[in-house]
Every structure is written in structure tokens, then in C-alpha cells.
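Undergrad: As input, take upload_36.txt (compact mmCIF, C-alpha atoms):
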# COMPACT_ATOMS: atom_id res chain seq x y z
CA MET A 26 98.24 8.33 16.22
CA THR A 27 101.11 7.08 18.34
CA ALA A 28 100.50 10.16 20.50
CA LEU A 29 97.32 8.46 21.69
CA LYS A 30 99.02 5.25 22.81
CA ASP A 31 98.40 4.79 26.55
CA ALA A 32 97.92 8.57 26.89
CA THR A 33 94.40 8.23 28.28
CA ALA A 34 92.46 5.75 30.36
CA ILE A 35 88.95 4.73 31.26
CA ALA A 36 88.61 5.76 34.88
CA GLY A 37 84.96 4.98 35.55
CA ILE A 38 82.09 2.91 34.22
CA GLY A 39 78.38 2.89 34.98
CA GLN A 40 75.20 1.24 33.84
CA THR A 41 71.52 0.85 34.60
CA ALA A 42 69.63 -2.40 34.80
CA PHE A 43 68.96 -4.22 31.52
CA ALA A 44 65.41 -5.36 30.83
CA LYS A 45 62.83 -5.83 28.12
CA GLN A 46 61.03 -2.79 29.51
CA LEU A 47 62.19 -0.11 31.95
CA PRO A 48 59.85 2.69 33.06
CA GLU A 49 62.37 5.55 32.93
CA SER A 50 62.94 7.75 29.89
CA GLU A 51 66.09 7.43 27.81
CA LYS A 52 67.30 10.75 29.26
CA THR A 53 66.85 9.52 32.81
CA LEU A 54 68.60 6.24 32.04
CA ALA A 55 71.49 8.11 30.38
CA CYS A 56 71.97 10.42 33.34
CA ARG A 57 71.87 7.55 35.82
CA ALA A 58 74.54 5.65 33.91
CA ILE A 59 76.73 8.76 33.61
CA VAL A 60 76.40 9.70 37.27
CA ALA A 61 77.25 6.11 38.21
CA ALA A 62 80.36 6.20 36.00
CA LEU A 63 81.52 9.49 37.52
CA ASP A 64 80.96 8.13 41.02
CA ASP A 65 82.92 5.02 40.05
CA ALA A 66 85.81 7.24 39.02
CA GLY A 67 85.47 9.58 42.00
CA ILE A 68 85.05 12.64 39.74
CA ASP A 69 82.48 15.39 40.27
CA ALA A 70 80.08 16.09 37.41
CA SER A 71 81.11 19.75 37.41
CA GLU A 72 84.49 18.68 36.00
CA VAL A 73 83.02 17.06 32.87
CA ASP A 74 83.93 19.10 29.80
CA GLY A 75 83.69 16.54 27.01
CA PHE A 76 80.90 14.33 25.67
CA ALA A 77 80.63 11.71 22.93
CA SER A 78 77.78 9.47 21.89
CA TYR A 79 76.02 8.03 18.85
CA THR A 80 74.12 9.93 16.15
CA MET A 81 71.25 7.55 16.93
CA GLU A 82 71.26 8.66 20.58
CA GLU A 83 67.97 10.44 21.35
CA THR A 84 69.44 12.23 24.39
CA ASP A 85 71.77 15.09 23.48
CA GLU A 86 74.76 16.52 25.33
CA VAL A 87 73.00 19.84 26.05
CA GLU A 88 70.28 18.18 28.10
CA VAL A 89 72.66 15.70 29.71
CA ALA A 90 75.12 18.42 30.71
CA LYS A 91 72.37 20.43 32.39
CA ALA A 92 70.86 17.43 34.12
CA ILE A 93 74.09 16.11 35.66
CA GLY A 94 75.48 19.55 36.51
CA ALA A 95 78.44 19.65 34.13
CA GLY A 96 80.52 22.80 33.79
CA ASP A 97 81.55 24.48 30.54
CA VAL A 98 81.83 21.88 27.78
CA THR A 99 84.71 22.29 25.32
CA PHE A 100 84.35 19.12 23.24
CA PHE A 101 81.35 17.17 21.98
CA SER A 102 81.03 14.56 19.27
CA LYS A 103 78.54 12.07 17.83
CA VAL A 104 79.43 8.98 15.81
CA GLY A 105 77.24 7.41 13.16
CA TYR A 106 76.39 3.93 11.95
CA GLY A 107 74.63 2.51 14.98
CA GLY A 108 76.64 -0.15 16.75
CA GLY A 109 79.65 0.66 14.60
CA GLY A 110 80.13 3.82 16.64
CA SER A 111 80.45 2.33 20.11
CA CYS A 112 84.23 2.21 20.41
CA ALA A 113 84.61 5.38 18.36
CA THR A 114 82.86 7.43 21.04
CA VAL A 115 85.67 6.49 23.42
CA ALA A 116 88.30 7.02 20.72
CA HIS A 117 87.06 10.54 20.02
CA LEU A 118 87.26 11.45 23.69
CA ALA A 119 90.72 9.90 23.97
CA ALA A 120 91.89 12.18 21.16
CA ALA A 121 90.22 15.19 22.76
CA VAL A 122 91.79 14.55 26.16
CA ALA A 123 95.21 13.72 24.73
CA THR A 124 95.26 16.98 22.75
CA GLY A 125 93.93 19.18 25.54
CA GLN A 126 90.48 19.85 24.11
CA ALA A 127 88.90 18.29 27.19
CA SER A 128 90.03 16.97 30.55
CA VAL A 129 87.13 14.75 31.65
CA GLY A 130 85.16 13.05 28.89
CA VAL A 131 81.97 11.03 29.15
CA ALA A 132 80.81 8.57 26.49
CA TRP A 133 77.37 7.01 26.78
CA ARG A 134 74.54 5.16 25.09
CA SER A 135 70.95 5.09 26.32
CA ARG A 136 68.37 3.09 24.47
CA LYS A 137 64.87 1.71 24.88
CA ARG A 138 65.06 -0.88 22.13
CA GLY A 139 63.10 -3.45 24.14
CA SER A 140 60.01 -1.31 24.66
CA GLY A 141 60.54 1.17 21.82
CA PRO A 142 59.91 1.04 18.06
CA ARG A 143 62.14 -0.61 15.49
CA PRO A 144 64.04 1.92 13.31
CA TRP A 145 63.02 0.24 10.04
CA LYS A 146 59.27 0.32 10.76
CA ASN A 147 58.78 3.93 9.65
CA THR A 148 57.64 3.62 6.03
CA ALA A 149 56.66 7.28 5.74
CA VAL A 150 60.20 8.53 5.24
CA GLN A 151 62.17 8.17 2.02
CA LEU A 152 64.69 5.36 2.08
CA PRO A 153 68.37 6.35 2.21
CA THR A 154 70.22 5.48 -0.99
CA PRO A 155 71.78 2.19 0.22
CA ALA A 156 68.41 0.89 1.43
CA GLN A 157 66.90 1.47 -2.01
CA TRP A 158 69.07 -1.45 -3.16
CA THR A 159 67.99 -3.81 -0.38
CA ARG A 160 64.57 -3.20 1.14
CA PRO A 161 62.49 -3.41 -2.03
CA TYR A 162 63.98 -6.89 -2.47
CA GLY A 163 63.01 -8.19 0.96
CA LEU A 164 66.05 -7.26 3.07
CA LEU A 165 63.98 -5.22 5.49
CA ARG A 166 65.88 -5.69 8.73
CA PRO A 167 69.52 -6.03 9.75
CA ALA A 168 68.78 -9.72 10.43
CA ASP A 169 67.83 -10.20 6.77
CA GLU A 170 71.02 -8.56 5.54
CA ILE A 171 73.30 -10.48 7.89
CA GLY A 172 71.35 -13.63 7.08
CA MET A 173 72.37 -13.24 3.46
CA LEU A 174 76.03 -12.73 4.41
CA ALA A 175 75.83 -15.76 6.68
CA ARG A 176 74.50 -17.92 3.86
CA ARG A 177 77.34 -16.75 1.62
CA TYR A 178 79.85 -17.56 4.37
CA MET A 179 78.40 -21.03 4.83
CA HIS A 180 78.55 -21.66 1.09
CA GLU A 181 82.10 -20.36 0.63
CA TYR A 182 83.78 -21.85 3.71
CA GLY A 183 81.64 -24.72 4.96
CA ALA A 184 80.43 -23.03 8.12
CA THR A 185 77.47 -24.74 9.74
CA ARG A 186 74.75 -23.92 12.24
CA ASP A 187 76.80 -25.79 14.83
CA HIS A 188 79.48 -23.14 14.46
CA LEU A 189 76.91 -20.40 15.04
CA PHE A 190 75.62 -22.34 18.04
CA ASN A 191 79.14 -22.33 19.49
CA VAL A 192 79.00 -18.53 19.48
CA ALA A 193 75.52 -18.32 20.98
CA LEU A 194 76.43 -20.88 23.66
CA ALA A 195 79.64 -19.12 24.72
CA CYS A 196 77.78 -15.84 25.20
CA ARG A 197 74.90 -17.51 27.04
CA ASN A 198 77.25 -19.43 29.33
CA ARG A 199 78.91 -16.19 30.41
CA ALA A 200 75.54 -14.49 30.91
CA ASN A 201 74.53 -17.38 33.15
CA GLN A 202 77.29 -16.21 35.50
CA ASN A 203 76.35 -12.50 35.35
CA PRO A 204 73.52 -11.37 37.68
CA ASP A 205 73.07 -8.20 35.60
CA ALA A 206 72.46 -10.13 32.38
CA VAL A 207 68.98 -10.56 30.95
CA MET A 208 69.80 -14.25 30.44
CA TYR A 209 71.24 -14.82 33.90
CA GLU A 210 70.66 -18.43 35.01
CA ARG A 211 68.81 -19.21 31.76
CA PRO A 212 70.84 -21.98 30.08
CA LEU A 213 70.87 -22.64 26.34
CA THR A 214 71.08 -26.16 24.90
CA ARG A 215 71.83 -27.35 21.39
CA ASP A 216 68.32 -28.76 21.09
CA MET A 217 66.81 -25.39 22.08
CA TYR A 218 68.96 -23.69 19.50
CA MET A 219 68.32 -26.12 16.64
CA THR A 220 64.54 -26.22 17.14
CA SER A 221 63.98 -22.50 17.70
CA ARG A 222 62.03 -20.45 15.18
CA TRP A 223 63.67 -18.80 12.21
CA ILE A 224 64.13 -15.05 12.25
CA SER A 225 65.79 -14.80 8.84
CA GLU A 226 67.10 -18.15 7.63
CA PRO A 227 69.81 -19.30 8.32
CA LEU A 228 69.53 -17.17 11.48
CA CYS A 229 67.30 -18.54 14.21
CA LEU A 230 66.05 -16.85 17.36
CA PHE A 231 69.29 -17.42 19.28
CA ASP A 232 71.46 -16.01 16.48
CA ASN A 233 69.96 -12.59 17.15
CA CYS A 234 70.75 -10.10 19.90
CA LEU A 235 68.34 -9.21 22.65
CA GLU A 236 65.87 -6.32 22.51
CA THR A 237 66.82 -4.32 25.59
CA ASP A 238 66.14 -1.13 27.51
CA GLY A 239 69.16 0.24 29.36
CA ALA A 240 72.06 2.69 29.41
CA LEU A 241 75.82 2.60 29.94
CA ALA A 242 78.59 5.17 30.26
CA CYS A 243 82.30 5.49 30.83
CA VAL A 244 84.66 8.29 31.87
CA ILE A 245 87.91 9.04 29.99
CA VAL A 246 90.74 11.10 31.50
CA SER A 247 94.48 11.43 30.99
CA ALA A 248 96.61 8.47 32.03
CA GLU A 249 98.26 10.64 34.65
CA ARG A 250 95.00 11.64 36.25
CA ALA A 251 93.58 8.13 36.04
CA ARG A 252 96.29 6.87 38.37
CA ASP A 253 94.85 9.11 41.09
CA CYS A 254 91.21 8.13 40.52
CA ARG A 255 89.15 5.76 42.62
CA GLN A 256 89.52 2.68 40.40
CA LYS A 257 92.39 0.88 38.72
CA PRO A 258 92.97 2.64 35.37
CA VAL A 259 92.39 0.81 32.12
CA TYR A 260 94.58 2.37 29.42
CA LEU A 261 93.52 3.05 25.84
CA HIS A 262 96.50 1.50 24.11
CA SER A 263 95.20 1.74 20.54
CA VAL A 264 92.02 2.99 18.88
CA ALA A 265 90.74 2.79 15.32
CA GLN A 266 87.83 3.33 12.99
CA GLY A 267 87.27 1.54 9.70
CA LEU A 268 85.35 2.33 6.50
CA PRO A 269 86.53 0.20 3.56
CA ALA A 270 86.53 1.35 -0.04
CA GLN A 271 83.25 0.96 -1.92
CA HIS A 272 81.41 0.01 1.25
CA HIS A 273 77.67 -0.70 1.28
CA GLY A 274 76.38 -1.19 4.81
CA MET A 275 75.68 -4.72 6.00
CA VAL A 276 75.53 -6.38 2.57
CA ASN A 277 78.81 -5.06 1.10
CA TYR A 278 77.37 -5.24 -2.43
CA TRP A 279 80.17 -3.27 -4.08
CA ASN A 280 83.18 -4.84 -2.36
CA ASP A 281 85.35 -7.28 -4.29
CA ASP A 282 84.68 -9.69 -1.42
CA PRO A 283 81.48 -9.00 0.56
CA LEU A 284 82.79 -11.13 3.44
CA THR A 285 85.74 -8.79 3.95
CA GLY A 286 83.98 -6.14 5.99
CA PRO A 287 84.96 -2.98 7.87
CA ALA A 288 86.70 -5.01 10.59
CA TRP A 289 89.60 -5.62 8.22
CA THR A 290 90.12 -1.89 7.69
CA ALA A 291 89.83 -1.04 11.37
CA ALA A 292 92.15 -3.90 12.34
CA ARG A 293 94.97 -2.75 10.10
CA GLN A 294 94.93 0.66 11.77
CA LEU A 295 94.50 -0.78 15.27
CA TRP A 296 97.44 -3.19 15.12
CA LYS A 297 99.69 -0.72 13.26
CA GLN A 298 99.63 1.51 16.34
CA ALA A 299 99.91 -1.24 18.95
CA ASP A 300 102.92 -2.74 20.71
CA PHE A 301 101.41 -6.23 20.57
CA GLY A 302 99.27 -8.33 18.23
CA PRO A 303 96.28 -10.70 18.21
CA ASP A 304 98.25 -13.55 19.82
CA ASP A 305 98.80 -11.34 22.87
CA VAL A 306 95.11 -10.59 23.50
CA ASP A 307 93.92 -12.27 26.71
CA VAL A 308 90.18 -11.69 26.27
CA ALA A 309 87.95 -10.14 23.60
CA GLN A 310 84.60 -8.40 23.62
CA ILE A 311 83.43 -8.81 20.03
CA TYR A 312 80.29 -7.13 18.75
CA ASP A 313 77.60 -9.78 18.56
CA ALA A 314 74.34 -8.35 17.26
CA PHE A 315 74.27 -11.61 15.26
CA THR A 316 76.30 -14.78 15.73
CA PRO A 317 77.91 -14.74 12.23
CA LEU A 318 79.62 -11.46 13.10
CA ILE A 319 81.91 -13.33 15.50
CA PRO A 320 83.67 -15.60 12.97
CA LEU A 321 83.83 -12.70 10.49
CA SER A 322 85.42 -10.50 13.17
CA LEU A 323 87.83 -13.21 14.31
CA GLU A 324 89.17 -13.24 10.77
CA GLY A 325 89.12 -9.48 10.32
CA TYR A 326 91.08 -8.80 13.52
CA GLY A 327 93.67 -11.46 12.73
CA PHE A 328 92.92 -14.26 15.18
CA CYS A 329 92.73 -16.74 12.32
CA GLY A 330 93.02 -16.90 8.55
CA ARG A 331 90.46 -16.09 5.88
CA GLY A 332 87.59 -18.56 6.05
CA GLU A 333 88.83 -20.08 9.32
CA GLY A 334 86.56 -18.14 11.71
CA ALA A 335 83.91 -20.85 11.94
CA ALA A 336 86.42 -23.59 12.72
CA PHE A 337 88.03 -21.29 15.31
CA THR A 338 84.86 -21.60 17.43
CA GLU A 339 85.24 -25.36 17.83
CA GLY A 340 86.44 -27.16 20.94
CA GLY A 341 85.30 -24.51 23.41
CA ALA A 342 87.71 -21.92 22.01
CA LEU A 343 85.40 -19.03 22.91
CA GLU A 344 84.58 -20.27 26.40
CA SER A 345 86.29 -19.45 29.68
CA GLY A 346 89.65 -21.19 29.61
CA GLY A 347 89.50 -21.45 25.81
CA ARG A 348 91.78 -20.11 23.14
CA LEU A 349 90.06 -16.69 23.17
CA PRO A 350 87.34 -16.11 25.76
CA ILE A 351 84.78 -13.68 24.34
CA ASN A 352 81.93 -11.51 25.60
CA THR A 353 82.44 -12.47 29.19
CA GLY A 354 79.41 -10.55 30.44
CA GLY A 355 77.14 -12.26 27.91
CA GLY A 356 77.38 -9.71 25.12
CA GLY A 357 74.50 -8.43 23.03
CA LEU A 358 73.24 -11.96 22.57
CA SER A 359 72.69 -12.70 26.25
CA GLU A 360 73.55 -9.80 28.58
CA GLY A 361 71.78 -6.89 26.92
CA TYR A 362 71.83 -5.11 23.59
CA VAL A 363 72.60 -1.41 23.92
CA HIS A 364 74.42 -0.95 20.62
CA GLY A 365 77.52 -2.67 21.95
CA PHE A 366 78.41 -0.31 24.78
CA ASN A 367 78.23 -3.09 27.36
CA LEU A 368 81.22 -4.69 25.63
CA ILE A 369 83.32 -1.62 26.50
CA ASN A 370 82.35 -1.75 30.16
CA GLU A 371 82.94 -5.49 30.31
CA GLY A 372 86.42 -5.00 28.88
CA VAL A 373 87.14 -2.57 31.70
CA LYS A 374 85.84 -5.05 34.28
CA GLN A 375 88.12 -7.76 32.91
CA LEU A 376 91.22 -5.59 33.21
CA ARG A 377 90.21 -4.48 36.69
CA GLY A 378 89.84 -8.14 37.62
CA VAL A 379 86.19 -7.87 38.67
CA SER A 380 84.26 -9.60 35.86
CA THR A 381 81.72 -12.25 36.79
CA ALA A 382 83.58 -14.53 34.36
CA GLN A 383 87.07 -13.29 35.08
CA VAL A 384 89.93 -14.43 32.84
CA PRO A 385 92.87 -15.04 35.19
CA ASP A 386 95.57 -12.34 34.98
CA ALA A 387 93.90 -10.63 32.01
CA GLY A 388 96.11 -7.73 30.96
CA THR A 389 94.93 -7.01 27.40
CA CYS A 390 91.46 -6.84 25.87
CA LEU A 391 90.15 -6.17 22.38
CA VAL A 392 86.75 -4.47 22.14
CA THR A 393 85.05 -4.20 18.75
CA ALA A 394 82.06 -2.32 17.40
CA GLY A 395 79.60 -3.53 14.78
CA GLU A 396 80.95 -5.51 11.86
CA GLY A 397 79.07 -4.95 8.60
CA VAL A 398 78.86 -1.17 9.05
CA PRO A 399 81.57 1.51 9.33
CA THR A 400 83.11 0.37 12.58
CA SER A 401 85.60 1.04 15.38
CA ALA A 402 87.71 -0.83 17.91
CA LEU A 403 89.66 -0.37 21.13
CA LEU A 404 92.70 -2.16 22.42
CA LEU A 405 92.74 -1.92 26.22
CA ARG A 406 95.53 -2.80 28.62
CA SER A 407 95.88 -2.74 32.37
Mind turning this structure into C-alpha cells?
TA:
Amino acid sequence: MTALKDATAIAGIGQTAFAKQLPESEKTLACRAIVAALDDAGIDASEVDGFASYTMEETDEVEVAKAIGAGDVTFFSKVGYGGGGSCATVAHLAAAVATGQASVGVAWRSRKRGSGPRPWKNTAVQLPTPAQWTRPYGLLRPADEIGMLARRYMHEYGATRDHLFNVALACRNRANQNPDAVMYERPLTRDMYMTSRWISEPLCLFDNCLETDGALACVIVSAERARDCRQKPVYLHSVAQGLPAQHHGMVNYWNDDPLTGPAWTAARQLWKQADFGPDDVDVAQIYDAFTPLIPLSLEGYGFCGRGEGAAFTEGGALESGGRLPINTGGGGLSEGYVHGFNLINEGVKQLRGVSTAQVPDAGTCLVTAGEGVPTSALLLRS
């Protein structure tokens, strides 16, 4: 894996608007984001020969390649487990480019979650095996499963709703600065948070990510080529995926410790390959489908000790100027929820120096995918 270190770079990023409802199809949104990313990089679509996306992506590489005018495609990949696959799409392309299987790779996610159906609503299909141990007992949605983990975390380590509010507030504050965010100029107060309706206790409305239509994409090329592209290159210093032993998605029923999720497995691989550690990370984009995932991820990726993630959020630690600024575009909680891909693009913006909530002199950024499911992570550097 050391052969991948700094061998490739993200040369272009693109996105559509984020909204509760967009009129375009998922295919149209995907192509717009991809074309925008290629234009950002200054690369013609005919040079694209690699694609990677999610297994849950409704738009496939065959249709995308035809629509954008790609040439012969020599690598294509799809990654499972919903938001856990976001960073892995980039990691797969980095491996393909570094080993000569492709020269210009495009990763993307297009989703109409705001105006489309919820995946768990279809009761006509047989439940997958893991869901047979959860849904008959009332854990119907991801919010219910994470709600149970959150309650366990509160019980074991004394975390409170104020700690979860710290997470929600940090993300909302950054979205308030981002004109592209759904929650732009829409402040959040403690009173709003504490009096909002329950979604799955102890998770209230503001502990849950947005329901968003939108698409994002990025372009991966060799480090050498990236230096000649239109934008400042952002290097893929380390990449990792993580699936712990005896895993059971979201609830971790069979793990010795259900609060030690896939982040811990991914982190060990990520840092093993890197030239620096958690203390050297300037800014982090941490997957935030639900607020409790932030303290769990802070622990998993080594920013604090076991059970210390909640306390880490205190004193403005996650805010601009804090100990570890997070989700500087607003994240899934307040910018838009497109299965975490916006966190990748925001990481690139930070290292280019063009974020709407720019961390001064940011040179390193951690980006994580969904905690609670088989996951992935990227360590970016400028």
C-alpha cells in the first residue's frame, strides 16, 4: 500500500445545487457534476477511462460514459454499504491509476434522497439477513439503530445531549457561511435543538442529516499529471477501508464492544501507511449522517481516547479555530446529504485554500465515510 502514498491526486471537483427537490433526473445530475469536475481539472471527457461509484448509485458507468463522451473505459468499480463507500470510490481509482489500469478516473454520487423514496419503505422484498435481527424488533431505520448505539454510549461514558448539540452546532455554523449549503444563513440555537421533535430518542430532528437531492464528483489522476492540471493538486496520501471481525451493520450486535465500530479498523490501516498521525491533521471532514457518529469517529481515528469523544466536543473544539475544525462546508447535517461525497469535495477545497470556512494554512485533511457500516477513509495533503 505504500505504493499508493502521494502517487495520485484529486485534480478536479464538481457538484450540482443541493435542495429538498431538484427537477433533473439522477443521471442528469450525475453528468452535470462529472462534467463540472472535469472542467475544474481542465481535462476533456474523452480522456476518462476509469469510473467508481456506490452500489446504491442508480446511474451506471455505461450510461454516464456515453452521456459525457468518455473514450474506452479500462477500469470500473462500485463500492457497497451506502455512505461507507464514499472514500473507497476514490481509493479504488487511486489504486487503478497508480497501477496503470486507468489514467483519468471519475468518482461520483448522484442521489434524489430529498424527493425520492426511503430505501427501507419497500416491504415487498425479503429482508437481508442482518435486518431480520433488527427490523422485527422496531429498528426500522438507520436513525433507530444509531439511536440505540447513542443510548449505549450515553450510558457507558456519560455523554449528554449537550455533547450532541455541540456537533450539530459546529456543522450548522459552517453551513451558515456556505452559500451552497441547504442551511445557509439559517442559525441553530440550543433552545431550538432541545425543544425539537424526536426522530428516534435520544436523537432529535437536528441529530439527523438532511434529506437532499444533488450530485458530486471528483477527478483522480497521477500526481505527476495533477501538477499540470488547472487547479492546485490535492494528494491522496493514505487510503483505507475497514470491516471489523464479526461485524453487524449499524448495531454491531456480535462485536465484543458494539461501540468499537469499523472506524477503528479503517484507522489502523490508514495511519499505518501515513507519514503523520492524528495530531498533525489540520481539519477533518467526518461522516455525520447522525451526530453520535462524530464522537465515535473521533475515538476510532485516534483524536482522543476510548469514551472521550463526547468531552472532546466541548469548548468549541469542533468550531473554526478550535482543536479540530470539522465539516467546514456544513456536512451531511447542514450542507447536504449525498452519502458523504460532499465531505470529499470540501476536503479538497480546504487544501486548495478556497473553503467558505477556510482553516488558515491547512495542509492535511482527514475525510471519513460512514461509521457503523463497513467504511473507508482518505488522508489528503496539499
Undergrad: Could you tell me how far CA of Gly378 in chain A lies from CA of Ala127 in chain A, in Å and to one decimal?
TA: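 Between these atoms lies a distance of 28.4 Å.
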Undergrad: Could I get the residues of range 340-383 of chain A with an atom no further than 8 Å from an atom of range 30-46 of chain A, each paired with its nearest atom pair and that distance in Å to one decimal, using all atoms listed in the file, sorted by chain and residue number, as a Markdown table?
TA:
| residue | atom | partner | partner_atom | distance |
| --- | --- | --- | --- | --- |
| A:Glu360 | CA | A:Phe43 | CA | 7.8 |
| A:Gly361 | CA | A:Phe43 | CA | 6.0 |
| A:Asn370 | CA | A:Ile38 | CA | 6.2 |
| A:Val373 | CA | A:Ile35 | CA | 7.5 |
Undergrad: For each of A:Pro212, A:Gly341, A:Gly327, A:Gly397, take the minimum atom-to-atom distance to Thr285 in chain A, counting all atoms listed in the file, then give the residue where this is smallest.
TA: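 Looking at the shortest contact to Thr285 in chain A, the residue is A:Gly397.
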Undergrad: Choose the residue, out of A:Gly109, A:Gly330, A:Gly286, A:Gly346, that has the smallest atom-to-atom separation from Gln266 in chain A; count all atoms listed in the file.
TA: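 Of the candidates, the smallest distance to Gln266 in chain A is held by A:Gly109.
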Undergrad: I need the residue nearest Ser401 in chain A from this list: A:Glu82, A:Glu170, A:Thr53, A:Leu295. Use all atoms listed in the file for the distance.
TA: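 For Ser401 in chain A, the nearest of the given residues is A:Leu295.
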Undergrad: Of the candidates A:Ala309, A:Ala113, A:Ser140, A:Glu210, which shows the shortest atom-to-atom distance to Gln383 in chain A, using only C-alpha atoms?
TA: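 So, comparing all the options, the nearest one is A:Ala309.
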Undergrad: What does the distance between CA of Asp253 in chain A and CA of Arg377 in chain A come to in Å, to one decimal place?
TA: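 Separation of CA of Asp253 in chain A and CA of Arg377 in chain A: 15.0 Å.
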Undergrad: May I ask for the distance between CA of Phe315 in chain A and CA of Ser135 in chain A, given in Å to one decimal place?
TA: 20.3 Å
Undergrad: Using all atoms listed in the file, which protein or nucleic acid residues come within 6 Å of Gly108 in chain A? Drop anything in the same chain fewer than 3 positions from it, and give the result as a PyMOL selection string.
TA: chain A and resi 111+364-365+394-395
Undergrad: Might you pull out every residue within 8 Å of Ala70 in chain A, with all atoms listed in the file counted and same-chain residues fewer than 4 positions away left off, and present them as a PDB file with C-alpha atoms, keeping the file's coordinate frame?
TA:
ATOM      1  CA  VAL A  60      76.400   9.700  37.270  1.00  0.00           C
ATOM      2  CA  LEU A  63      81.520   9.490  37.520  1.00  0.00           C
ATOM      3  CA  ILE A  93      74.090  16.110  35.660  1.00  0.00           C
ATOM      4  CA  GLY A  94      75.480  19.550  36.510  1.00  0.00           C
ATOM      5  CA  ALA A  95      78.440  19.650  34.130  1.00  0.00           C
ATOM      6  CA  GLY A  96      80.520  22.800  33.790  1.00  0.00           C
TER       7      GLY A  96
END
Undergrad: Could you name the residues that touch Leu164 in chain A at 12 Å or less, counting all atoms listed in the file, but leaving out those on the same chain fewer than 2 positions away, as a count of residues only?
TA: 22
Undergrad: Pick out the closest residue to Gly239 in chain A from this set: A:Leu321, A:Val73, A:Val207, A:Leu261. Count all atoms listed in the file.
TA: A:Val207
Undergrad: Would you list the residues near (70.1, -5.9, 23.6), meaning any protein, DNA or RNA residue with an atom at most 7 Å from that point in file coordinates, counting all atoms listed in the file, as number ranges by chain?
TA: A: 234-237, 357-358, 361-363
Undergrad: Find the residue from A:Gly372, A:Gly267, A:Gly340, A:Gly141 that sits nearest to Asp307 in chain A; use all atoms listed in the file when measuring.
TA: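 Closest residue, counting all atoms listed in the file: A:Gly372.
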Undergrad: Please return, as a ChimeraX atom specification, all polymer residues that have at least one atom within 10 Å of the point (82.3, 20.9, 27.1); use only C-alpha atoms and the file's own coordinate frame.
TA: /A:72-76,86-87,90,95-101,126-130
Undergrad: Please provide the set of residues having any atom within 7 Å of Thr338 in chain A, restricted to all atoms listed in the file, with same-chain residues fewer than 4 positions apart removed, written as a PyMOL selection string.
TA: chain A and resi 188+191-192+334+342-343
Undergrad: Go ahead and save the residues from that selection, with C-alpha atoms, as a PDB file, keeping the file's coordinate frame.
TA:
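Produced file out-v5.pdb, reproduced below:
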ATOM      1  CA  HIS A 188      79.480 -23.140  14.460  1.00  0.00           C
ATOM      2  CA  ASN A 191      79.140 -22.330  19.490  1.00  0.00           C
ATOM      3  CA  VAL A 192      79.000 -18.530  19.480  1.00  0.00           C
ATOM      4  CA  GLY A 334      86.560 -18.140  11.710  1.00  0.00           C
ATOM      5  CA  ALA A 342      87.710 -21.920  22.010  1.00  0.00           C
ATOM      6  CA  LEU A 343      85.400 -19.030  22.910  1.00  0.00           C
TER       7      LEU A 343
END
Undergrad: What would range 61-66 of chain A look like with all heavy atoms restored, written as a CSV table (one decimal), in the frame of the given file?
TA:
chain,number,residue,atom,x,y,z
A,61,ALA,N,76.6,7.3,37.6
A,61,ALA,CA,77.2,6.1,38.2
A,61,ALA,C,78.7,6.0,37.8
A,61,ALA,O,79.6,5.6,38.6
A,61,ALA,CB,76.5,4.9,37.8
A,62,ALA,N,79.0,6.3,36.5
A,62,ALA,CA,80.4,6.2,36.0
A,62,ALA,C,81.3,7.2,36.7
A,62,ALA,O,82.4,7.0,37.0
A,62,ALA,CB,80.4,6.4,34.5
A,63,LEU,N,80.7,8.4,36.9
A,63,LEU,CA,81.5,9.5,37.5
A,63,LEU,C,81.8,9.1,39.0
A,63,LEU,O,82.9,9.3,39.5
A,63,LEU,CB,80.8,10.8,37.4
A,63,LEU,CG,80.7,11.5,36.0
A,63,LEU,CD1,79.7,12.6,36.0
A,63,LEU,CD2,82.1,12.0,35.7
A,64,ASP,N,80.8,8.6,39.6
A,64,ASP,CA,81.0,8.1,41.0
A,64,ASP,C,82.0,7.0,41.1
A,64,ASP,O,82.8,7.0,42.0
A,64,ASP,CB,79.6,7.7,41.6
A,64,ASP,CG,79.7,7.2,43.0
A,64,ASP,OD1,80.0,8.1,43.9
A,64,ASP,OD2,79.6,6.0,43.3
A,65,ASP,N,81.9,6.1,40.1
A,65,ASP,CA,82.9,5.0,40.0
A,65,ASP,C,84.3,5.6,40.0
A,65,ASP,O,85.3,5.0,40.6
A,65,ASP,CB,82.6,4.1,38.9
A,65,ASP,CG,83.4,2.9,38.8
A,65,ASP,OD1,83.5,2.1,39.8
A,65,ASP,OD2,84.0,2.6,37.7
A,66,ALA,N,84.5,6.6,39.2
A,66,ALA,CA,85.8,7.2,39.0
A,66,ALA,C,86.2,8.2,40.2
A,66,ALA,O,87.4,8.5,40.3
A,66,ALA,CB,85.8,8.0,37.7
